[in-house]
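Student: Structure file query-v8.txt, compact mmCIF, C-alpha atoms, is pasted below:
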```txt
# COMPACT_ATOMS: atom_id res chain seq x y z
CA MET R 1 0.00 0.00 0.00
CA ASP R 2 1.50 3.33 -1.01
CA LYS R 3 1.73 6.33 1.34
CA LYS R 4 -1.18 8.27 -0.22
CA GLU R 5 -3.54 5.30 -0.01
CA GLN R 6 -2.48 4.59 3.57
CA GLU R 7 -2.99 8.25 4.56
CA PHE R 8 -6.41 8.34 2.83
CA LYS R 9 -7.60 5.21 4.66
CA ARG R 10 -6.31 6.55 7.95
CA LYS R 11 -8.19 9.83 7.55
CA ALA R 12 -11.33 8.54 5.84
CA LEU R 13 -11.86 5.30 7.68
CA GLY R 14 -10.28 6.12 11.00
CA VAL R 15 -7.73 3.34 10.63
CA ILE R 16 -5.18 3.56 13.41
CA ASP R 17 -1.61 4.00 12.28
CA THR R 18 0.04 1.50 14.63
CA GLU R 19 3.55 2.79 14.01
CA LYS R 20 2.53 6.32 14.93
CA GLU R 21 0.63 4.99 17.96
CA LYS R 22 3.77 3.12 19.10
CA GLN R 23 5.86 6.27 18.75
CA LEU R 24 3.39 8.24 20.86
CA MET R 25 3.35 5.56 23.55
CA GLN R 26 7.11 5.29 23.91
CA GLY R 27 8.36 5.79 27.44
CA PRO R 28 10.14 5.95 29.60
CA PHE R 29 7.19 6.72 31.81
CA LYS R 30 7.53 7.32 35.53
CA PRO R 31 5.75 5.11 38.02
CA ASN R 32 2.76 6.57 39.82
CA ARG R 33 3.38 6.21 43.58
CA GLU R 34 -0.35 6.45 44.35
CA LEU R 35 -1.15 3.54 42.03
CA LEU R 36 1.74 1.44 43.33
CA THR R 37 0.75 1.89 46.98
CA ARG R 38 -2.98 1.24 46.64
CA PRO R 39 -4.31 -1.63 48.78
CA PHE R 40 -4.53 -5.12 47.30
CA SER R 41 -7.67 -7.18 47.00
CA TYR R 42 -7.37 -10.94 47.22
CA PRO R 43 -5.62 -12.73 45.42
CA HIS R 44 -3.35 -9.87 44.27
CA VAL R 45 0.01 -9.65 46.02
CA ILE R 46 2.13 -7.09 44.15
CA THR R 47 1.76 -4.29 41.60
CA SER R 48 3.63 -4.13 38.30
CA TYR R 49 4.62 -1.08 36.31
CA CYS R 50 5.71 -0.96 32.64
CA LYS R 51 8.32 1.64 31.67
CA ASN R 52 7.40 1.31 27.99
CA CYS R 53 3.64 1.97 28.10
CA GLY R 54 3.12 3.26 31.65
CA ASP R 55 0.62 0.53 32.55
CA HIS R 56 0.14 -0.33 36.24
CA ALA R 57 -1.38 -3.73 37.05
CA PHE R 58 -1.97 -6.10 39.94
CA ILE R 59 -0.14 -9.45 39.93
CA THR R 60 -1.46 -12.58 41.65
CA LEU R 61 0.55 -15.33 43.34
CA ARG R 62 0.23 -17.30 40.09
CA GLY R 63 1.73 -14.34 38.23
CA VAL R 64 4.65 -14.25 40.68
CA ALA R 65 5.16 -18.00 40.04
CA LEU R 66 5.29 -17.23 36.30
CA LEU R 67 7.91 -14.54 36.96
CA GLU R 68 9.88 -17.15 38.91
CA MET R 69 9.73 -19.46 35.88
CA LEU R 70 11.00 -16.64 33.64
CA ILE R 71 13.89 -16.03 36.05
CA GLU R 72 14.88 -19.70 35.77
CA LEU R 73 14.27 -19.83 32.00
CA TYR R 74 16.48 -16.80 31.29
CA GLY R 75 19.05 -17.74 33.93
CA LEU R 76 18.70 -14.37 35.66
CA GLU R 77 20.55 -13.71 38.89
CA MET R 78 17.47 -12.48 40.70
CA VAL R 79 15.69 -13.57 43.84
CA ILE R 80 12.01 -12.95 44.46
CA PRO R 81 11.61 -11.30 47.89
CA LYS R 82 9.95 -13.55 50.50
CA ASP R 83 7.76 -10.67 51.71
CA LEU R 84 6.45 -8.73 48.71
CA SER R 85 5.00 -5.84 50.73
CA GLY R 86 6.82 -2.62 49.92
CA TYR R 87 7.93 -3.94 46.50
CA PHE R 88 6.70 -3.52 42.96
CA VAL R 89 7.71 -5.18 39.68
CA GLU R 90 9.23 -2.77 37.17
CA MET R 91 9.06 -4.07 33.59
CA GLU R 92 10.89 -2.75 30.56
CA VAL R 93 8.16 -4.23 28.35
CA CYS R 94 4.93 -5.77 29.69
CA PRO R 95 2.73 -8.46 28.10
CA GLU R 96 0.35 -5.74 26.86
CA CYS R 97 3.08 -4.08 24.79
CA LYS R 98 3.42 -5.39 21.28
CA THR R 99 7.11 -5.78 20.54
CA GLU R 100 9.21 -7.94 18.28
CA SER R 101 11.01 -9.32 21.31
CA GLU R 102 9.39 -12.19 23.19
CA ARG R 103 11.52 -11.44 26.24
CA MET R 104 10.34 -9.34 29.15
CA TYR R 105 12.96 -7.61 31.26
CA PHE R 106 11.85 -6.90 34.81
CA GLN R 107 13.15 -6.29 38.31
CA PHE R 108 11.73 -6.13 41.81
CA ARG R 109 12.10 -2.63 43.24
CA MET R 110 11.29 -1.21 46.65
CA LEU R 111 8.81 1.63 46.86
CA GLU R 112 11.36 3.48 49.03
CA GLU R 113 13.80 3.59 46.08
CA MET R 114 11.25 5.32 43.87
CA GLU R 115 11.89 8.96 43.06
CA GLU R 116 9.34 11.46 44.36
```
I'd like the structure from this file rewritten - as structure tokens, please.
Tutor:
Amino acid sequence: MDKKEQEFKRKALGVIDTEKEKQLMQGPFKPNRELLTRPFSYPHVITSYCKNCGDHAFITLRGVALLEMLIELYGLEMVIPKDLSGYFVEMEVCPECKTESERMYFQFRMLEEMEE
């Protein structure tokens, strides 16, 4: 599809230009302290934050077990804290981001380390 046809469809039909959308959504975003410190409802145990898209989400114990599997799979030198209170998961790219890479980079960070 040539540029003129693509531009016409985008304007006339409201087709979303995914490349342009990706460029607009590029981080790095800063974590929102209020969202990261909100109380959990069962079965959520920790909050995640994506630096690429700015999404904040709750993670369940099953999600933490999946992170543990990723740590083993990638051979990362990382330990999941025994007590997750006061921590959040910071992701370079979350599952909601559409990237060419299948790999998610993440780390456990303490809320105290977060910049104001």
Student: Between atom CA of Gln107 of chain R and atom CA of Glu92 of chain R, measure the distance and give it in Å to one decimal.
Tutor: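 Atom-to-atom, atom CA of Gln107 of chain R to atom CA of Glu92 of chain R, that is 8.8 Å.
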Student: Point out the residue among R:Phe58, R:Tyr74, R:Phe29, R:Tyr105 with the least atom-to-atom distance to Val45 of chain R, counting only C-alpha atoms.
Tutor: R:Phe58
Student: Tell me, as an mmCIF file with C-alpha atoms, keeping the file's coordinate frame, which residues lie within 12 Å of Pro43 of chain R, counting all atoms listed in the file; anything in the same chain fewer than 2 positions away does not count.
Tutor:
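Contents of the output file out26.cif:
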```
data_model
loop_
_atom_site.group_PDB
_atom_site.id
_atom_site.type_symbol
_atom_site.label_atom_id
_atom_site.label_comp_id
_atom_site.auth_asym_id
_atom_site.auth_seq_id
_atom_site.Cartn_x
_atom_site.Cartn_y
_atom_site.Cartn_z
ATOM 1 C CA PRO R 39 -4.310 -1.630 48.780
ATOM 2 C CA PHE R 40 -4.530 -5.120 47.300
ATOM 3 C CA SER R 41 -7.670 -7.180 47.000
ATOM 4 C CA VAL R 45 0.010 -9.650 46.020
ATOM 5 C CA ILE R 46 2.130 -7.090 44.150
ATOM 6 C CA THR R 47 1.760 -4.290 41.600
ATOM 7 C CA PHE R 58 -1.970 -6.100 39.940
ATOM 8 C CA ILE R 59 -0.140 -9.450 39.930
ATOM 9 C CA THR R 60 -1.460 -12.580 41.650
ATOM 10 C CA LEU R 61 0.550 -15.330 43.340
ATOM 11 C CA ARG R 62 0.230 -17.300 40.090
ATOM 12 C CA GLY R 63 1.730 -14.340 38.230
ATOM 13 C CA VAL R 64 4.650 -14.250 40.680
#
```
Student: Give, as JSON, the centre coordinates and the x, y and z edge lengths in Å to one decimal for an axis-aligned box around all listed atoms of segment 39-54 of chain R, padded by 3 Å on each side.
Tutor:
```
{"center_x": 0.3, "center_y": -4.7, "center_z": 38.4, "size_x": 22.0, "size_y": 22.0, "size_z": 26.8}
```
Student: Which residue out of R:Asp2, R:Asn52, R:Pro31, R:Met110 has the minimum interatomic distance to Pro95 of chain R when all atoms listed in the file are used?
Tutor: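 Closest to Pro95 of chain R of all the choices is R:Asn52.
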Student: Please, could all heavy atoms be added to segment 69-80 of chain R and the result written as a PDB file, keeping the file's coordinate frame?
Tutor:
```
ATOM      1  N   MET R  69       9.382 -18.590  37.011  1.00  0.00           N
ATOM      2  CA  MET R  69       9.730 -19.460  35.880  1.00  0.00           C
ATOM      3  C   MET R  69      10.564 -18.712  34.849  1.00  0.00           C
ATOM      4  O   MET R  69      11.512 -19.260  34.291  1.00  0.00           O
ATOM      5  CB  MET R  69       8.456 -20.017  35.236  1.00  0.00           C
ATOM      6  CG  MET R  69       7.789 -21.101  36.050  1.00  0.00           C
ATOM      7  SD  MET R  69       6.196 -21.692  35.406  1.00  0.00           S
ATOM      8  CE  MET R  69       6.363 -21.655  33.661  1.00  0.00           C
ATOM      9  N   LEU R  70      10.216 -17.443  34.591  1.00  0.00           N
ATOM     10  CA  LEU R  70      11.000 -16.640  33.640  1.00  0.00           C
ATOM     11  C   LEU R  70      12.422 -16.417  34.151  1.00  0.00           C
ATOM     12  O   LEU R  70      13.372 -16.438  33.369  1.00  0.00           O
ATOM     13  CB  LEU R  70      10.326 -15.289  33.401  1.00  0.00           C
ATOM     14  CG  LEU R  70       9.062 -15.288  32.556  1.00  0.00           C
ATOM     15  CD1 LEU R  70       8.443 -13.893  32.528  1.00  0.00           C
ATOM     16  CD2 LEU R  70       9.365 -15.754  31.143  1.00  0.00           C
ATOM     17  N   ILE R  71      12.557 -16.210  35.454  1.00  0.00           N
ATOM     18  CA  ILE R  71      13.890 -16.030  36.050  1.00  0.00           C
ATOM     19  C   ILE R  71      14.741 -17.270  35.796  1.00  0.00           C
ATOM     20  O   ILE R  71      15.903 -17.170  35.389  1.00  0.00           O
ATOM     21  CB  ILE R  71      13.772 -15.722  37.562  1.00  0.00           C
ATOM     22  CG1 ILE R  71      13.189 -14.325  37.759  1.00  0.00           C
ATOM     23  CG2 ILE R  71      15.118 -15.844  38.259  1.00  0.00           C
ATOM     24  CD1 ILE R  71      12.778 -14.003  39.186  1.00  0.00           C
ATOM     25  N   GLU R  72      14.157 -18.448  36.021  1.00  0.00           N
ATOM     26  CA  GLU R  72      14.880 -19.700  35.770  1.00  0.00           C
ATOM     27  C   GLU R  72      15.153 -19.896  34.294  1.00  0.00           C
ATOM     28  O   GLU R  72      16.254 -20.280  33.902  1.00  0.00           O
ATOM     29  CB  GLU R  72      14.076 -20.887  36.314  1.00  0.00           C
ATOM     30  CG  GLU R  72      14.082 -20.970  37.822  1.00  0.00           C
ATOM     31  CD  GLU R  72      13.275 -22.163  38.331  1.00  0.00           C
ATOM     32  OE1 GLU R  72      13.265 -23.214  37.658  1.00  0.00           O
ATOM     33  OE2 GLU R  72      12.660 -22.020  39.403  1.00  0.00           O
ATOM     34  N   LEU R  73      14.142 -19.631  33.447  1.00  0.00           N
ATOM     35  CA  LEU R  73      14.270 -19.830  32.000  1.00  0.00           C
ATOM     36  C   LEU R  73      15.402 -18.982  31.411  1.00  0.00           C
ATOM     37  O   LEU R  73      16.196 -19.455  30.607  1.00  0.00           O
ATOM     38  CB  LEU R  73      12.942 -19.479  31.320  1.00  0.00           C
ATOM     39  CG  LEU R  73      12.896 -19.609  29.801  1.00  0.00           C
ATOM     40  CD1 LEU R  73      13.000 -21.072  29.384  1.00  0.00           C
ATOM     41  CD2 LEU R  73      11.618 -18.994  29.255  1.00  0.00           C
ATOM     42  N   TYR R  74      15.465 -17.713  31.818  1.00  0.00           N
ATOM     43  CA  TYR R  74      16.480 -16.800  31.290  1.00  0.00           C
ATOM     44  C   TYR R  74      17.799 -16.871  32.052  1.00  0.00           C
ATOM     45  O   TYR R  74      18.757 -16.197  31.693  1.00  0.00           O
ATOM     46  CB  TYR R  74      15.972 -15.360  31.295  1.00  0.00           C
ATOM     47  CG  TYR R  74      14.776 -15.121  30.397  1.00  0.00           C
ATOM     48  CD1 TYR R  74      13.749 -14.295  30.801  1.00  0.00           C
ATOM     49  CD2 TYR R  74      14.675 -15.711  29.142  1.00  0.00           C
ATOM     50  CE1 TYR R  74      12.648 -14.062  29.990  1.00  0.00           C
ATOM     51  CE2 TYR R  74      13.588 -15.492  28.326  1.00  0.00           C
ATOM     52  CZ  TYR R  74      12.582 -14.667  28.753  1.00  0.00           C
ATOM     53  OH  TYR R  74      11.499 -14.440  27.947  1.00  0.00           O
ATOM     54  N   GLY R  75      17.829 -17.634  33.142  1.00  0.00           N
ATOM     55  CA  GLY R  75      19.050 -17.740  33.930  1.00  0.00           C
ATOM     56  C   GLY R  75      19.434 -16.425  34.593  1.00  0.00           C
ATOM     57  O   GLY R  75      20.616 -16.098  34.703  1.00  0.00           O
ATOM     58  N   LEU R  76      18.432 -15.674  35.035  1.00  0.00           N
ATOM     59  CA  LEU R  76      18.700 -14.370  35.660  1.00  0.00           C
ATOM     60  C   LEU R  76      19.180 -14.554  37.091  1.00  0.00           C
ATOM     61  O   LEU R  76      18.761 -15.466  37.782  1.00  0.00           O
ATOM     62  CB  LEU R  76      17.422 -13.518  35.663  1.00  0.00           C
ATOM     63  CG  LEU R  76      16.797 -13.231  34.307  1.00  0.00           C
ATOM     64  CD1 LEU R  76      15.463 -12.530  34.480  1.00  0.00           C
ATOM     65  CD2 LEU R  76      17.729 -12.401  33.456  1.00  0.00           C
ATOM     66  N   GLU R  77      20.057 -13.695  37.509  1.00  0.00           N
ATOM     67  CA  GLU R  77      20.550 -13.710  38.890  1.00  0.00           C
ATOM     68  C   GLU R  77      19.648 -12.789  39.704  1.00  0.00           C
ATOM     69  O   GLU R  77      20.016 -11.673  40.026  1.00  0.00           O
ATOM     70  CB  GLU R  77      22.002 -13.263  38.948  1.00  0.00           C
ATOM     71  CG  GLU R  77      22.935 -14.231  38.241  1.00  0.00           C
ATOM     72  CD  GLU R  77      24.378 -13.787  38.312  1.00  0.00           C
ATOM     73  OE1 GLU R  77      24.726 -12.969  39.183  1.00  0.00           O
ATOM     74  OE2 GLU R  77      25.157 -14.256  37.473  1.00  0.00           O
ATOM     75  N   MET R  78      18.463 -13.288  40.013  1.00  0.00           N
ATOM     76  CA  MET R  78      17.470 -12.480  40.700  1.00  0.00           C
ATOM     77  C   MET R  78      16.744 -13.381  41.691  1.00  0.00           C
ATOM     78  O   MET R  78      16.485 -14.544  41.409  1.00  0.00           O
ATOM     79  CB  MET R  78      16.469 -11.945  39.667  1.00  0.00           C
ATOM     80  CG  MET R  78      15.421 -11.041  40.213  1.00  0.00           C
ATOM     81  SD  MET R  78      14.198 -10.565  38.948  1.00  0.00           S
ATOM     82  CE  MET R  78      15.194  -9.899  37.640  1.00  0.00           C
ATOM     83  N   VAL R  79      16.432 -12.830  42.825  1.00  0.00           N
ATOM     84  CA  VAL R  79      15.690 -13.570  43.840  1.00  0.00           C
ATOM     85  C   VAL R  79      14.388 -12.819  44.114  1.00  0.00           C
ATOM     86  O   VAL R  79      14.394 -11.599  44.292  1.00  0.00           O
ATOM     87  CB  VAL R  79      16.509 -13.691  45.154  1.00  0.00           C
ATOM     88  CG1 VAL R  79      15.706 -14.403  46.222  1.00  0.00           C
ATOM     89  CG2 VAL R  79      17.824 -14.408  44.893  1.00  0.00           C
ATOM     90  N   ILE R  80      13.292 -13.561  44.144  1.00  0.00           N
ATOM     91  CA  ILE R  80      12.010 -12.950  44.460  1.00  0.00           C
ATOM     92  C   ILE R  80      11.948 -12.757  45.976  1.00  0.00           C
ATOM     93  O   ILE R  80      12.179 -13.707  46.732  1.00  0.00           O
ATOM     94  CB  ILE R  80      10.837 -13.828  43.988  1.00  0.00           C
ATOM     95  CG1 ILE R  80      10.859 -13.913  42.459  1.00  0.00           C
ATOM     96  CG2 ILE R  80       9.504 -13.283  44.478  1.00  0.00           C
ATOM     97  CD1 ILE R  80       9.781 -14.777  41.856  1.00  0.00           C
TER      98      ILE R  80
END
```
